[in-house]
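Worksheet: the structure to be examined is printed underneath.
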Amino acid sequence: MRFRFLRALLWTTALCPTLIASALALPPDTGTGTAHDLREDYDVKRYDLELAVRPSTQTLEGEVDIVAVALVDGLASVRLDLYDLHEVLAVRDGAGNELEFDRGDNGLVARLTERLAKKTEFTITVRYRGKPVGQGFDGFHWVTTEAKRPWINTACQGLGAHYWYPCKASYFHPEDKPEGISMAIVCPADLYGVSNGRLVEVVEGAPDWFDTKGTEYKTYRWRHDYPLETYAASLNVAPYVVVEQELDVPGIGKKVPFIYYVLPENAEKAALQFRQVPELVRIYSEAFGPFPFPDSKFALVETNFWGMEHSTAVAYGSSYPAWCEENGVADPRAKRNRWFDYILIHEVAHEWWGNAVSAEHWGHFWIHEGFGTYAEGVYVEATRDRETADRFFAQKGSNISTRRGRLYRGDKPTSGKAYSGLLYSKGACVLHTLRHYVNDDAIWWKTLRDFNLAYRYGNASTEDFRGVLRANTGREWKRFFDEWVYGEGTPKLGGSVHVEGTTIVVEAINENGTFHVPLDLAWSEGGERRQERVWIDPGRSKLEIECEGKPRDLAIESLVRLLGRHTIEVSDG
């Protein structure tokens, strides 16, 4: 999820791509042209970061170890991503040897002291310093709290993680998902540093390479022993209040730490708002498989931006709507929170969709945002009922174009080129529609769980999801995915369903593309209620259902579950 200050504008205005890229400060598409991409010559195993923040000068300084494996014979150079706004002070190999390097194009190329054979593990250490700043929603945010205390947060899905640390950025290469990450956050001693994973230790002081300039510092060492995309790494520093609890999670035979980190002035609000967390984690665990990161933690971190799916350190910058309601205070985000606390429900869903299961490449971005938004409807159904969830998805789909926009975003684009608001709403509604097509809830929920469990901690494609669905249903589903995921737009149905004597007549106009859609008809006949599903082909069609007696109380059931715009007259006339 990467909402920015321009999100509403993007959803309501047809901005040209150049203007959008400029406004969102997207990085250039380095290394993705016809020339060989040196980043494809190695696979990252893990990142070990030691980063110091100096709030007084808004400076970031650190050392990052990139542990990787050569994928080619004779590996001589290693390309890393790092924005040019940072000064690279030194590059070393695992033996401590200084390496020559070249800068440019928001990256660096380090030349190894000797060529490495395929499958050889190696380490590159980058020592650097810079002054990264906020870029609207994205970036490195240096602000202060109401009490004028430093409050520092990161968000980088739209810019790439290389905006603030050297890496093989998932912005370009989501398929290279490292096996884990550690982060030591060095910050003034009166502040608290939060990152992904579990807190290993808190050390008084700072590493030798960092000049404290007479200020007292602490070092918070975190370790996350699960794969994650580089943009899901997180650095947060503030005078946080730390509240620790435990969760009983279905499918996990032990308690899972539940920790939230909030500003002192919002501790009361958070205590009320986060009461729903145990139920939320239970709902998602039952629907998609147990919480994926039990050996780390489930955590929420108050941030100075709206929200982001940082793995096991979910950024929460919303308005605490439950507290607002209980205290008669107007919710400044009431429109987005009309169904629930949007940031909490959506961003937590990404622990399953995006963090546990990541896209094989950004053409399949909808696996992050579409499945994550679909999870919102799962929450609505679990806390209310199916009919309310149907209304939720109908609202999501009401502004989707029936003619333009496809979920599949192309073959291996960058994150920036692939991103679209369509991924959220259309992705969720296509899944809602697919559940209607499957027409068997036991199979549907099994498919979602099987897909998540089979590909969690790794990467998956649309075809991987189709493969799981095919295995569970015994049906190919190629036509559905060709029409709804790889195709443009959504269907638009018109026409009528009426009775002529003892015959039900369906006269339909199926516009906008090649969609084949089901109509579930129901009627009373001979004192019994009957049902039948008929399929409407593209274009004009006429279908007849012969009955033994006169059909009465004719209706189309669950048409609201079919994405698109549909106006079909129904009569017993």
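Residues in the structure tokens are numbered from 1 in each chain, the chains being A, B, ... in the order shown, and ligands are numbered from 1 in the order shown.
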What are the nearest atom pairs, with distances in Å to one decimal, for all residues of region 230-303 of chain A that come at most 8 Å from region 313-328 of chain A, using only C-alpha atoms, set out by chain and rising residue number as a Markdown table?
| residue | atom | partner | partner_atom | distance |
| --- | --- | --- | --- | --- |
| A:Ser234 | CA | A:Ala313 | CA | 7.2 |
| A:Lys269 | CA | A:Trp323 | CA | 5.5 |
| A:Ala270 | CA | A:Tyr320 | CA | 6.9 |
| A:Leu272 | CA | A:Trp323 | CA | 6.3 |
| A:Gln273 | CA | A:Ala322 | CA | 5.5 |
| A:Phe298 | CA | A:Ala313 | CA | 7.1 |
| A:Ala299 | CA | A:Ala313 | CA | 4.9 |
| A:Leu300 | CA | A:Val314 | CA | 4.8 |
| A:Val301 | CA | A:Ala315 | CA | 5.0 |
| A:Glu302 | CA | A:Tyr316 | CA | 4.8 |
| A:Thr303 | CA | A:Gly317 | CA | 4.9 |
List every residue of region 363-524 of chain A that DSSP, applied to the backbone of this structure, assigns to strand (DSSP E or B), and report them as a PyMOL selection string.
-> chain A and resi 458-460+492-500+503-511+517-524
Using C-alpha atoms, can you write the selected residues to a file as a short mmCIF file (atom, residue, chain, number, x, y, z; two decimals), in the first residue's frame?
data_model
loop_
_atom_site.label_atom_id
_atom_site.label_comp_id
_atom_site.auth_asym_id
_atom_site.auth_seq_id
_atom_site.Cartn_x
_atom_site.Cartn_y
_atom_site.Cartn_z
CA GLY A 458 8.43 -16.57 -1.57
CA ASN A 459 7.08 -15.09 -4.80
CA ALA A 460 4.08 -16.03 -6.88
CA LYS A 492 -21.85 -4.46 -18.99
CA LEU A 493 -25.07 -6.45 -19.14
CA GLY A 494 -28.45 -5.31 -20.38
CA GLY A 495 -31.64 -6.96 -21.57
CA SER A 496 -34.43 -8.83 -19.87
CA VAL A 497 -35.47 -12.06 -18.20
CA HIS A 498 -39.17 -12.80 -18.50
CA VAL A 499 -41.75 -15.59 -18.68
CA GLU A 500 -43.63 -16.67 -21.79
CA THR A 503 -40.75 -20.81 -20.59
CA ILE A 504 -38.18 -18.53 -18.99
CA VAL A 505 -36.66 -16.36 -21.72
CA VAL A 506 -33.33 -14.62 -21.30
CA GLU A 507 -32.57 -11.91 -23.85
CA ALA A 508 -29.22 -10.37 -23.00
CA ILE A 509 -26.77 -7.83 -24.37
CA ASN A 510 -23.25 -8.47 -23.04
CA GLU A 511 -21.09 -5.47 -23.94
CA VAL A 517 -20.73 -14.23 -17.28
CA PRO A 518 -23.15 -16.33 -15.23
CA LEU A 519 -26.72 -15.43 -14.37
CA ASP A 520 -28.19 -17.32 -11.44
CA LEU A 521 -31.93 -17.57 -12.00
CA ALA A 522 -34.40 -18.59 -9.31
CA TRP A 523 -38.16 -19.15 -9.52
CA SER A 524 -41.05 -20.95 -7.89
#
Go ahead and compute the interatomic distance for CA of Lys118 (chain A) and CA of Tyr171 (chain A), in Å to one decimal.
-> 25.2 Å
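When only C-alpha atoms are used to measure the gap to Ser77 (chain A), the shortest distance among A:Ala389, A:Val262, A:Leu108, A:Val243 belongs to A:Leu108.
Closest approach to Ala394 (chain A) from the set A:Val202, A:Cys429, A:Ile185, A:Leu116 is made by A:Cys429, with distances taken over only C-alpha atoms.
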Name the residues in contact with Leu247 (chain A) at a cut-off of 12 Å, using only C-alpha atoms, excluding same-chain residues fewer than 5 positions from it; report them as a VMD selection string.
-> chain A and resid 252 to 259 275 to 282 285 290 to 291 294 297 to 299
Using only C-alpha atoms, the shortest atom-to-atom distance to Asp553 (chain A) among A:Pro207, A:Gly405, A:Gly158, A:Gly527 belongs to A:Gly527
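Each of A:Tyr128, A:Phe515, A:Phe393, A:Phe451 was checked against Trp209 (chain A) using only C-alpha atoms; the smallest atom-to-atom distance is that of A:Tyr128.
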Could you name the residues that touch Ala189 (chain A) at 12 Å or less, counting only C-alpha atoms, but leaving out those on the same chain fewer than 4 positions away, as number ranges by chain?
-> A: 52-55, 150, 185, 193, 202-206, 212, 214-220, 237-239
Neighbours of Val69 (chain A) within 9 Å (only C-alpha atoms; same-chain residues fewer than 2 positions away dropped), as a PyMOL selection string?
-> chain A and resi 41-45+67+71+118-123
Dump as an mmCIF file, in the first residue's frame, selection limited to N, CA and C atoms:
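Just written: part.cif:
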data_model
loop_
_atom_site.group_PDB
_atom_site.id
_atom_site.type_symbol
_atom_site.label_atom_id
_atom_site.label_comp_id
_atom_site.auth_asym_id
_atom_site.auth_seq_id
_atom_site.Cartn_x
_atom_site.Cartn_y
_atom_site.Cartn_z
ATOM 1 N N ASP A 41 23.159 -11.070 -11.730
ATOM 2 C CA ASP A 41 24.296 -11.988 -11.592
ATOM 3 C C ASP A 41 24.481 -12.507 -10.173
ATOM 4 N N TYR A 42 23.639 -12.050 -9.242
ATOM 5 C CA TYR A 42 23.775 -12.526 -7.862
ATOM 6 C C TYR A 42 22.411 -12.545 -7.193
ATOM 7 N N ASP A 43 22.330 -13.323 -6.112
ATOM 8 C CA ASP A 43 21.112 -13.450 -5.336
ATOM 9 C C ASP A 43 21.424 -13.076 -3.892
ATOM 10 N N VAL A 44 20.653 -12.152 -3.330
ATOM 11 C CA VAL A 44 20.893 -11.701 -1.960
ATOM 12 C C VAL A 44 20.338 -12.716 -0.966
ATOM 13 N N LYS A 45 21.148 -13.062 0.026
ATOM 14 C CA LYS A 45 20.728 -13.963 1.093
ATOM 15 C C LYS A 45 20.152 -13.193 2.274
ATOM 16 N N VAL A 67 24.871 -9.846 2.059
ATOM 17 C CA VAL A 67 25.374 -11.205 1.925
ATOM 18 C C VAL A 67 24.667 -11.841 0.735
ATOM 19 N N LEU A 71 25.482 -15.992 -9.092
ATOM 20 C CA LEU A 71 24.640 -16.815 -9.963
ATOM 21 C C LEU A 71 25.312 -17.128 -11.288
ATOM 22 N N LYS A 118 30.438 -19.553 -9.706
ATOM 23 C CA LYS A 118 29.005 -19.668 -9.465
ATOM 24 C C LYS A 118 28.752 -20.389 -8.142
ATOM 25 N N LYS A 119 27.749 -19.935 -7.396
ATOM 26 C CA LYS A 119 27.332 -20.471 -6.095
ATOM 27 C C LYS A 119 28.260 -20.057 -4.942
ATOM 28 N N THR A 120 29.225 -19.189 -5.225
ATOM 29 C CA THR A 120 30.096 -18.696 -4.153
ATOM 30 C C THR A 120 29.377 -17.620 -3.345
ATOM 31 N N GLU A 121 29.387 -17.776 -2.024
ATOM 32 C CA GLU A 121 28.789 -16.750 -1.163
ATOM 33 C C GLU A 121 29.810 -15.654 -0.896
ATOM 34 N N PHE A 122 29.353 -14.417 -0.878
ATOM 35 C CA PHE A 122 30.249 -13.288 -0.642
ATOM 36 C C PHE A 122 29.497 -12.200 0.111
ATOM 37 N N THR A 123 30.253 -11.263 0.660
ATOM 38 C CA THR A 123 29.679 -10.132 1.391
ATOM 39 C C THR A 123 30.246 -8.833 0.861
#
Using the chain letters and numbers from this document, which residues of region 82-309 of chain A does DSSP assign to alpha helix (DSSP H), as a PyMOL selection string?
-> chain A and resi 267-273+277-288
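If you measure from each of A:Leu562, A:Met308, A:Leu448, A:Ile400 to Leu434 (chain A) using only C-alpha atoms, the closest one turns out to be A:Leu562.
Atom pair CA of Leu563 (chain A) / CA of Asp450 (chain A): separated by 24.6 Å.
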If you measure from CA of Arg127 (chain A) to CA of Arg92 (chain A), what distance in Å do you get, rounded to one decimal?
-> 8.5 Å
Minimum-distance residue to Phe172 (chain A), chosen among A:Gln135, A:Thr373, A:Thr145, A:Ser415 (using only C-alpha atoms) = A:Ser415
Excluding same-chain residues fewer than 4 positions from Thr473 (chain A), what lies within 12 Å of it counting only C-alpha atoms, as a VMD selection string?
-> chain A and resid 435 437 to 447 466 to 469 477
Create the file for the chosen residues now, containing N, CA and C atoms and written as a short mmCIF file (atom, residue, chain, number, x, y, z; two decimals), in the first residue's frame.
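Writing done, so here's part_30.cif:
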data_model
loop_
_atom_site.label_atom_id
_atom_site.label_comp_id
_atom_site.auth_asym_id
_atom_site.auth_seq_id
_atom_site.Cartn_x
_atom_site.Cartn_y
_atom_site.Cartn_z
N ARG A 435 -15.07 -15.76 -6.69
CA ARG A 435 -15.76 -16.58 -5.68
C ARG A 435 -17.17 -16.92 -6.16
N TYR A 437 -18.15 -17.17 -9.29
CA TYR A 437 -17.99 -18.15 -10.37
C TYR A 437 -17.75 -19.55 -9.80
N VAL A 438 -16.86 -19.63 -8.81
CA VAL A 438 -16.54 -20.94 -8.21
C VAL A 438 -17.78 -21.55 -7.58
N ASN A 439 -18.56 -20.72 -6.88
CA ASN A 439 -19.87 -21.13 -6.37
C ASN A 439 -19.79 -22.29 -5.39
N ASP A 440 -18.68 -22.34 -4.65
CA ASP A 440 -18.49 -23.38 -3.63
C ASP A 440 -17.55 -22.79 -2.58
N ASP A 441 -18.10 -22.35 -1.47
CA ASP A 441 -17.29 -21.64 -0.49
C ASP A 441 -16.22 -22.51 0.14
N ALA A 442 -16.50 -23.77 0.33
CA ALA A 442 -15.48 -24.64 0.92
C ALA A 442 -14.24 -24.67 0.03
N ILE A 443 -14.44 -24.79 -1.28
CA ILE A 443 -13.32 -24.79 -2.23
C ILE A 443 -12.67 -23.41 -2.28
N TRP A 444 -13.47 -22.37 -2.23
CA TRP A 444 -12.93 -21.01 -2.33
C TRP A 444 -11.97 -20.72 -1.19
N TRP A 445 -12.40 -20.95 0.05
CA TRP A 445 -11.54 -20.64 1.19
C TRP A 445 -10.33 -21.56 1.23
N LYS A 446 -10.52 -22.80 0.82
CA LYS A 446 -9.37 -23.71 0.74
C LYS A 446 -8.35 -23.20 -0.26
N THR A 447 -8.82 -22.66 -1.38
CA THR A 447 -7.91 -22.15 -2.41
C THR A 447 -7.10 -20.97 -1.90
N ARG A 466 -3.85 -19.42 -10.31
CA ARG A 466 -4.75 -20.21 -11.15
C ARG A 466 -4.47 -21.69 -11.00
N GLY A 467 -3.19 -22.05 -10.84
CA GLY A 467 -2.84 -23.45 -10.67
C GLY A 467 -3.44 -24.05 -9.41
N VAL A 468 -3.42 -23.29 -8.31
CA VAL A 468 -4.02 -23.78 -7.07
C VAL A 468 -5.53 -23.91 -7.24
N LEU A 469 -6.15 -22.92 -7.87
CA LEU A 469 -7.59 -22.99 -8.11
C LEU A 469 -7.94 -24.17 -9.00
N TRP A 477 -9.96 -22.64 -15.76
CA TRP A 477 -10.11 -21.23 -15.42
C TRP A 477 -9.32 -20.29 -16.32
#
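Omitting Glu463 (chain A) and its sequence neighbours fewer than 5 positions away, and counting only C-alpha atoms, the residues within 12 Å are Ala359, Glu360, Gly363, His364, Ile367, Tyr408, Phe451, Val468, Leu469, Arg470, Glu476, Trp477, Lys478, Phe480, Phe481, Asp482, Val485 and Tyr486 of chain A.
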